[in-house]
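Structure first, commentary second.
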Amino acid sequence: MEPRQEEMLMKNQEWHPERREQKTSGGAGTPSGENSFQEGGDRSGRRDTVSQESVEATVQLLNSFEGAGPPEDEASKEQGLRPALDYSGSGEDRSPSSPGEEMVVLKRAMKEEEMSPAGEMRHEDSLMGELSEMVQNVVKKSSWWERHGIDDAIITMNFLILPVGFLLLRSYSVFPFLVGIIVLGVAHCTITVKGSHLASHSSLVESKSWGKVLAIFFVEVCSAFTAEQGSYNHVKLHHGYTNVIGLGDSSTWKLPFLNRHVYMFIAPIAVPVITPLVAIGLLKEVGLKTAIRTVCCIFLGLYSHYWLLLNVSEFQSVWSALACMLLTRSLLSHPYIHVNIFQHIGLPMFTPDKKPKRIHMMSRGVLNLPRNALLDWSFGHSLISCHVEHHLFPTLSDNMCLKIKPVVSRYLKEKKLPYNEDSYRSRLKLFLDQYEELMVHAPPITELVGIQ
């Protein structure tokens, strides 16, 4: 070969490496994947200096493109390690033939990483982290009164109005007597539902020690239930595995042997009787000292109510006092049962092995009801109009859930995530029309492909 021709051939190979690789693989009899860029290669032959210069030029070109993006350290924190181009010759030839093709390979690799389970997991974690940071900023700017004081004051007011209710029951007139029933019923519901719910999440005070004391008082003395099992079933299971079959799927609220009208309108009256019986049955799951404490607290709460009706309200018989206890304690049992099933059952359900990440689980498996003066007061915002916010941030008080509601709803809608809302009447109609499907048969499983 003439020197002039050899020089022209070298320049041609520098700008068209694919021709050089085709010739090398065809002439030398080596596999097409084996080339001079193989890491740790021990094959015979000298390195092609022209190909090294081509690689260096390509790397410089890539660096110029990367300079417009985020620094490597920041990118690795957000998306993990940057995809590396594979120049090893094992298998098939993956070396790009030109800088333009190399950029295509890089973009394809980055896109595949974003679509991979690891990339999706990082993306979902970043969504929850970003939302948590926004909510944390709101909490930091809030005063103690906003974080705890407002809800503590509401519960305290209901304790203070109890004597008025007991005194009104002394009247022989119908209207004052009915007012007394309503006052005691609303106060009892506020103390037992709102108070017990916030106490189980340690949302009433910032002290952990006082939080435990208040949980025992509200859950066991006032609500006639067991604090340990209530906290485990509600906080650990229901909140940790919302709408996950067999764990936090709200199946404890289902009674398939009852028809729709009995369950929705008659059975709630028995809630004050069923609650302590269920609590006694759960005591086998706790230690002896805890069981004795729970029995004593439940007895103290029930007997105190009974004693006040006999001695303050001046009821003349045991049965009239017990009937009044049942009436006042079950006054708001119907919406209590309805709210607990409306906000989860009928929404997507997941299996334990394919449950989605937290932000997807809560945004899809939880529903908010509209604001209602009576239910907001007696149940709390976190159980009515801010249930999605409560499941995302369960340790916040009712007032704080209401305060972060605009932040959460706006963020989920911006990220194209569900934000379920429906009216009480609409959910009631749905459950009456589809009772068998929702409350009797096994629910359909939702599988969010690609984001588990």
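Identifiers for the structure tokens are assigned positionally: chains receive A, B, ... in sequence, residues are indexed from 1 per chain, and ligands are indexed from 1 in the order shown.
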
For this session: Mind listing the alpha helix (DSSP H) residues of region 169-320 of chain A, per DSSP on the backbone, as JSON, numbers by chain?
Result: {"A": [174, 175, 176, 177, 178, 179, 180, 181, 182, 183, 184, 185, 186, 187, 188, 189, 196, 197, 198, 199, 200, 208, 209, 210, 211, 212, 213, 214, 215, 216, 227, 228, 229, 230, 231, 260, 261, 271, 272, 273, 274, 275, 276, 277, 278, 279, 280, 281, 282, 288, 289, 290, 291, 292, 293, 294, 295, 296, 297, 298, 299, 300, 301, 302, 303, 304, 305, 306, 307, 308, 309, 310, 311, 318, 319, 320]}

Tell me which protein, DNA and RNA residues are within 7 Å of region 160-173 of chain A, counting only C-alpha atoms, leaving out same-chain ones fewer than 3 positions away, and put them as a short mmCIF file (atom, residue, chain, number, x, y, z; two decimals) with N, CA, C and O atoms, in the first residue's frame.
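Result file follows (part.cif):
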```cif
data_model
loop_
_atom_site.label_atom_id
_atom_site.label_comp_id
_atom_site.auth_asym_id
_atom_site.auth_seq_id
_atom_site.Cartn_x
_atom_site.Cartn_y
_atom_site.Cartn_z
N THR A 156 -61.73 19.97 75.83
CA THR A 156 -61.96 20.49 77.18
C THR A 156 -63.36 21.09 77.30
O THR A 156 -64.05 20.89 78.32
N MET A 157 -63.81 21.80 76.27
CA MET A 157 -65.16 22.38 76.30
C MET A 157 -66.23 21.31 76.40
O MET A 157 -67.27 21.50 77.07
N PRO A 176 -86.31 20.09 77.42
CA PRO A 176 -85.02 20.09 78.13
C PRO A 176 -84.38 18.70 78.21
O PRO A 176 -83.15 18.57 78.13
N PHE A 177 -85.25 17.71 78.37
CA PHE A 177 -84.71 16.33 78.43
C PHE A 177 -84.03 15.96 77.11
O PHE A 177 -82.93 15.38 77.12
N GLY A 180 -80.76 17.67 76.78
CA GLY A 180 -79.77 16.98 77.61
C GLY A 180 -79.21 15.74 76.92
O GLY A 180 -78.00 15.46 76.98
N ILE A 181 -80.08 14.99 76.26
CA ILE A 181 -79.64 13.81 75.52
C ILE A 181 -78.67 14.20 74.40
O ILE A 181 -77.62 13.58 74.20
N VAL A 183 -76.87 17.01 74.17
CA VAL A 183 -75.62 17.54 74.73
C VAL A 183 -74.70 16.41 75.17
O VAL A 183 -73.51 16.39 74.85
N LEU A 184 -75.24 15.44 75.89
CA LEU A 184 -74.42 14.32 76.36
C LEU A 184 -73.95 13.45 75.19
O LEU A 184 -72.81 12.97 75.19
N ALA A 187 -71.19 15.41 73.26
CA ALA A 187 -70.00 15.50 74.10
C ALA A 187 -69.30 14.14 74.21
O ALA A 187 -68.07 14.04 74.13
N LEU A 309 -75.87 9.31 86.22
CA LEU A 309 -77.27 9.29 85.83
C LEU A 309 -78.19 9.03 87.03
O LEU A 309 -79.28 9.62 87.13
N VAL A 312 -77.02 12.38 89.78
CA VAL A 312 -77.12 13.76 89.31
C VAL A 312 -78.39 13.95 88.50
O VAL A 312 -79.16 14.91 88.71
N SER A 313 -78.63 13.06 87.56
CA SER A 313 -79.83 13.16 86.74
C SER A 313 -81.07 12.59 87.42
O SER A 313 -82.19 12.75 86.92
N GLU A 314 -80.86 11.89 88.55
CA GLU A 314 -81.95 11.37 89.40
C GLU A 314 -82.85 10.38 88.66
O GLU A 314 -84.09 10.44 88.73
#
```

Problem set entry | Exercise: region 398-404 of chain A partners within 7 Å, only C-alpha atoms, chain neighbours under 3 positions left out, as a ChimeraX atom specification | /A:135,146-147,150-151,380-382,386,389-390,407-408

Output file for the selection above: all heavy atoms, as a short mmCIF file (atom, residue, chain, number, x, y, z; two decimals), in the first residue's frame:
```
data_model
loop_
_atom_site.label_atom_id
_atom_site.label_comp_id
_atom_site.auth_asym_id
_atom_site.auth_seq_id
_atom_site.Cartn_x
_atom_site.Cartn_y
_atom_site.Cartn_z
N VAL A 135 -44.95 20.35 53.90
CA VAL A 135 -45.80 20.29 55.08
C VAL A 135 -45.02 20.67 56.33
O VAL A 135 -45.53 21.37 57.22
CB VAL A 135 -46.41 18.88 55.22
CG1 VAL A 135 -47.10 18.72 56.57
CG2 VAL A 135 -47.39 18.61 54.10
N GLU A 146 -52.01 26.43 67.34
CA GLU A 146 -52.48 25.82 66.10
C GLU A 146 -52.17 24.33 66.06
O GLU A 146 -52.99 23.54 65.56
CB GLU A 146 -51.81 26.51 64.90
CG GLU A 146 -52.25 27.94 64.69
CD GLU A 146 -51.50 28.60 63.55
OE1 GLU A 146 -50.25 28.66 63.62
OE2 GLU A 146 -52.16 29.05 62.59
N ARG A 147 -51.02 23.93 66.59
CA ARG A 147 -50.63 22.52 66.54
C ARG A 147 -51.43 21.65 67.49
O ARG A 147 -51.78 20.52 67.16
CB ARG A 147 -49.13 22.37 66.81
CG ARG A 147 -48.23 23.04 65.79
CD ARG A 147 -46.79 22.55 65.93
NE ARG A 147 -46.29 22.66 67.28
CZ ARG A 147 -45.68 23.73 67.78
NH1 ARG A 147 -45.52 24.80 67.03
NH2 ARG A 147 -45.25 23.74 69.03
N ILE A 150 -55.95 24.29 69.80
CA ILE A 150 -57.35 24.37 69.34
C ILE A 150 -58.09 23.07 69.61
O ILE A 150 -59.21 23.07 70.14
CB ILE A 150 -57.38 24.73 67.84
CG1 ILE A 150 -56.85 26.15 67.63
CG2 ILE A 150 -58.80 24.59 67.28
CD1 ILE A 150 -56.80 26.56 66.17
N ASP A 151 -57.48 21.95 69.27
CA ASP A 151 -58.15 20.66 69.49
C ASP A 151 -58.26 20.34 70.97
O ASP A 151 -59.27 19.77 71.42
CB ASP A 151 -57.40 19.55 68.76
CG ASP A 151 -57.49 19.70 67.25
OD1 ASP A 151 -58.60 19.63 66.71
OD2 ASP A 151 -56.45 19.90 66.60
N GLY A 380 -63.77 15.32 64.21
CA GLY A 380 -62.49 15.95 63.89
C GLY A 380 -62.25 16.00 62.40
O GLY A 380 -62.73 15.15 61.64
N HIS A 381 -61.50 17.01 61.97
CA HIS A 381 -61.23 17.18 60.54
C HIS A 381 -60.50 15.99 59.94
O HIS A 381 -60.71 15.63 58.78
CB HIS A 381 -60.39 18.45 60.31
CG HIS A 381 -61.05 19.70 60.79
ND1 HIS A 381 -62.23 20.17 60.26
CD2 HIS A 381 -60.71 20.57 61.77
CE1 HIS A 381 -62.58 21.28 60.88
NE2 HIS A 381 -61.68 21.55 61.80
N SER A 382 -59.61 15.36 60.72
CA SER A 382 -58.80 14.27 60.18
C SER A 382 -59.64 13.05 59.81
O SER A 382 -59.19 12.21 59.03
CB SER A 382 -57.71 13.87 61.18
OG SER A 382 -58.28 13.42 62.39
N CYS A 386 -60.40 15.91 55.96
CA CYS A 386 -58.93 15.89 55.78
C CYS A 386 -58.38 14.49 56.01
O CYS A 386 -57.29 14.33 56.58
CB CYS A 386 -58.26 16.88 56.73
SG CYS A 386 -58.86 18.57 56.61
N GLU A 389 -55.10 13.82 54.07
CA GLU A 389 -53.98 14.48 54.75
C GLU A 389 -53.60 13.73 56.02
O GLU A 389 -52.40 13.61 56.34
CB GLU A 389 -54.36 15.93 55.10
CG GLU A 389 -54.49 16.85 53.90
CD GLU A 389 -55.76 16.65 53.08
OE1 GLU A 389 -56.67 15.92 53.54
OE2 GLU A 389 -55.86 17.21 51.97
N HIS A 390 -54.60 13.23 56.73
CA HIS A 390 -54.33 12.49 57.96
C HIS A 390 -53.55 11.20 57.69
O HIS A 390 -52.64 10.85 58.44
CB HIS A 390 -55.64 12.18 58.67
CG HIS A 390 -55.50 11.23 59.82
ND1 HIS A 390 -54.76 11.52 60.95
CD2 HIS A 390 -56.02 9.98 60.03
CE1 HIS A 390 -54.81 10.51 61.79
NE2 HIS A 390 -55.56 9.56 61.26
N VAL A 407 -52.21 22.67 50.72
CA VAL A 407 -50.88 22.30 50.24
C VAL A 407 -50.90 20.89 49.65
O VAL A 407 -50.40 20.64 48.56
CB VAL A 407 -49.84 22.40 51.38
CG1 VAL A 407 -48.46 21.93 50.91
CG2 VAL A 407 -49.76 23.82 51.91
N VAL A 408 -51.50 19.95 50.38
CA VAL A 408 -51.53 18.55 49.94
C VAL A 408 -52.38 18.40 48.68
O VAL A 408 -51.96 17.74 47.72
CB VAL A 408 -52.05 17.65 51.07
CG1 VAL A 408 -52.23 16.22 50.58
CG2 VAL A 408 -51.10 17.68 52.26
#
```

For this session: Find the residues around Leu282 (chain A) up to 9 Å (only C-alpha atoms counted), leave out those fewer than 4 positions away in its own chain, and share them as a ChimeraX atom specification.
Result: /A:226,229,277-278,286

All heavy atoms of the current selection, written as a PDB file, in the first residue's frame:
```
ATOM      1  N   THR A 226     -59.459  -1.195  74.515  1.00  0.00           N
ATOM      2  CA  THR A 226     -58.096  -1.422  74.982  1.00  0.00           C
ATOM      3  C   THR A 226     -57.112  -0.544  74.219  1.00  0.00           C
ATOM      4  O   THR A 226     -57.123  -0.531  72.979  1.00  0.00           O
ATOM      5  CB  THR A 226     -57.696  -2.901  74.841  1.00  0.00           C
ATOM      6  OG1 THR A 226     -56.278  -3.037  74.954  1.00  0.00           O
ATOM      7  CG2 THR A 226     -58.120  -3.474  73.509  1.00  0.00           C
ATOM      8  N   GLN A 229     -54.333  -2.623  71.913  1.00  0.00           N
ATOM      9  CA  GLN A 229     -54.870  -3.208  70.696  1.00  0.00           C
ATOM     10  C   GLN A 229     -55.467  -2.154  69.772  1.00  0.00           C
ATOM     11  O   GLN A 229     -55.396  -2.268  68.547  1.00  0.00           O
ATOM     12  CB  GLN A 229     -55.938  -4.256  71.050  1.00  0.00           C
ATOM     13  CG  GLN A 229     -55.367  -5.528  71.646  1.00  0.00           C
ATOM     14  CD  GLN A 229     -54.419  -6.231  70.699  1.00  0.00           C
ATOM     15  OE1 GLN A 229     -54.748  -6.499  69.551  1.00  0.00           O
ATOM     16  NE2 GLN A 229     -53.217  -6.531  71.179  1.00  0.00           N
ATOM     17  N   LEU A 277     -67.254  -5.492  74.736  1.00  0.00           N
ATOM     18  CA  LEU A 277     -67.168  -6.944  74.581  1.00  0.00           C
ATOM     19  C   LEU A 277     -65.998  -7.335  73.681  1.00  0.00           C
ATOM     20  O   LEU A 277     -65.269  -8.296  73.965  1.00  0.00           O
ATOM     21  CB  LEU A 277     -68.485  -7.481  74.018  1.00  0.00           C
ATOM     22  CG  LEU A 277     -69.725  -7.302  74.904  1.00  0.00           C
ATOM     23  CD1 LEU A 277     -70.966  -7.850  74.200  1.00  0.00           C
ATOM     24  CD2 LEU A 277     -69.524  -7.982  76.255  1.00  0.00           C
ATOM     25  N   VAL A 278     -65.817  -6.594  72.598  1.00  0.00           N
ATOM     26  CA  VAL A 278     -64.672  -6.837  71.717  1.00  0.00           C
ATOM     27  C   VAL A 278     -63.373  -6.570  72.455  1.00  0.00           C
ATOM     28  O   VAL A 278     -62.379  -7.315  72.321  1.00  0.00           O
ATOM     29  CB  VAL A 278     -64.769  -5.965  70.450  1.00  0.00           C
ATOM     30  CG1 VAL A 278     -63.494  -6.084  69.622  1.00  0.00           C
ATOM     31  CG2 VAL A 278     -65.985  -6.365  69.628  1.00  0.00           C
ATOM     32  N   VAL A 286     -52.700  -9.362  75.268  1.00  0.00           N
ATOM     33  CA  VAL A 286     -51.834  -8.489  76.060  1.00  0.00           C
ATOM     34  C   VAL A 286     -51.421  -9.197  77.343  1.00  0.00           C
ATOM     35  O   VAL A 286     -51.935 -10.274  77.680  1.00  0.00           O
ATOM     36  CB  VAL A 286     -52.556  -7.159  76.383  1.00  0.00           C
ATOM     37  CG1 VAL A 286     -52.952  -6.455  75.089  1.00  0.00           C
ATOM     38  CG2 VAL A 286     -53.781  -7.395  77.250  1.00  0.00           C
TER      39      VAL A 286
END
```

Problem set entry | For Thr242 (chain A): contacts at 10 Å, only C-alpha atoms, fewer than 4 positions along chain excluded, given as a PyMOL selection string | chain A and resi 234+236-238+247-250+344+349-350+355+358+361-362+364-366+391

Problem set entry | Distance query Pro370 (chain A) at most 10 Å, only C-alpha atoms, self and fewer than 4 positions along chain excluded, as a PyMOL selection string | chain A and resi 375-376+381+384-386+421-424

Selection from above, C-alpha atoms, as a short mmCIF file (atom, residue, chain, number, x, y, z; two decimals), in the first residue's frame, can you write it?
```cif
data_model
loop_
_atom_site.label_atom_id
_atom_site.label_comp_id
_atom_site.auth_asym_id
_atom_site.auth_seq_id
_atom_site.Cartn_x
_atom_site.Cartn_y
_atom_site.Cartn_z
CA LEU A 375 -69.09 15.89 62.26
CA ASP A 376 -66.08 18.22 62.18
CA HIS A 381 -61.23 17.18 60.54
CA ILE A 384 -63.99 13.85 57.78
CA SER A 385 -62.70 16.45 55.33
CA CYS A 386 -58.93 15.89 55.78
CA GLU A 421 -63.47 13.48 47.35
CA ASP A 422 -67.16 12.62 47.50
CA SER A 423 -70.28 13.64 49.38
CA TYR A 424 -71.84 11.76 52.30
#
```

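If you look at CA of Glu228 (chain A) and CA of Asn158 (chain A), they are 25.0 Å away from each other.
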
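Distances to Val205 (chain A) were evaluated for A:Pro443, A:Gly149, A:Gly129, A:Gly246 using only C-alpha atoms, and the minimum falls at A:Gly149.
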
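Of the residues listed (A:Lys354, A:Ile216, A:Ile359, A:Arg371), A:Ile359 shows the shortest atom-to-atom separation from Ser132 (chain A); distances use only C-alpha atoms.
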
Exercise. Do you have the CA of Ile182 (chain A)-CA of Thr328 (chain A) distance handy?
Worked result: 7.3 Å
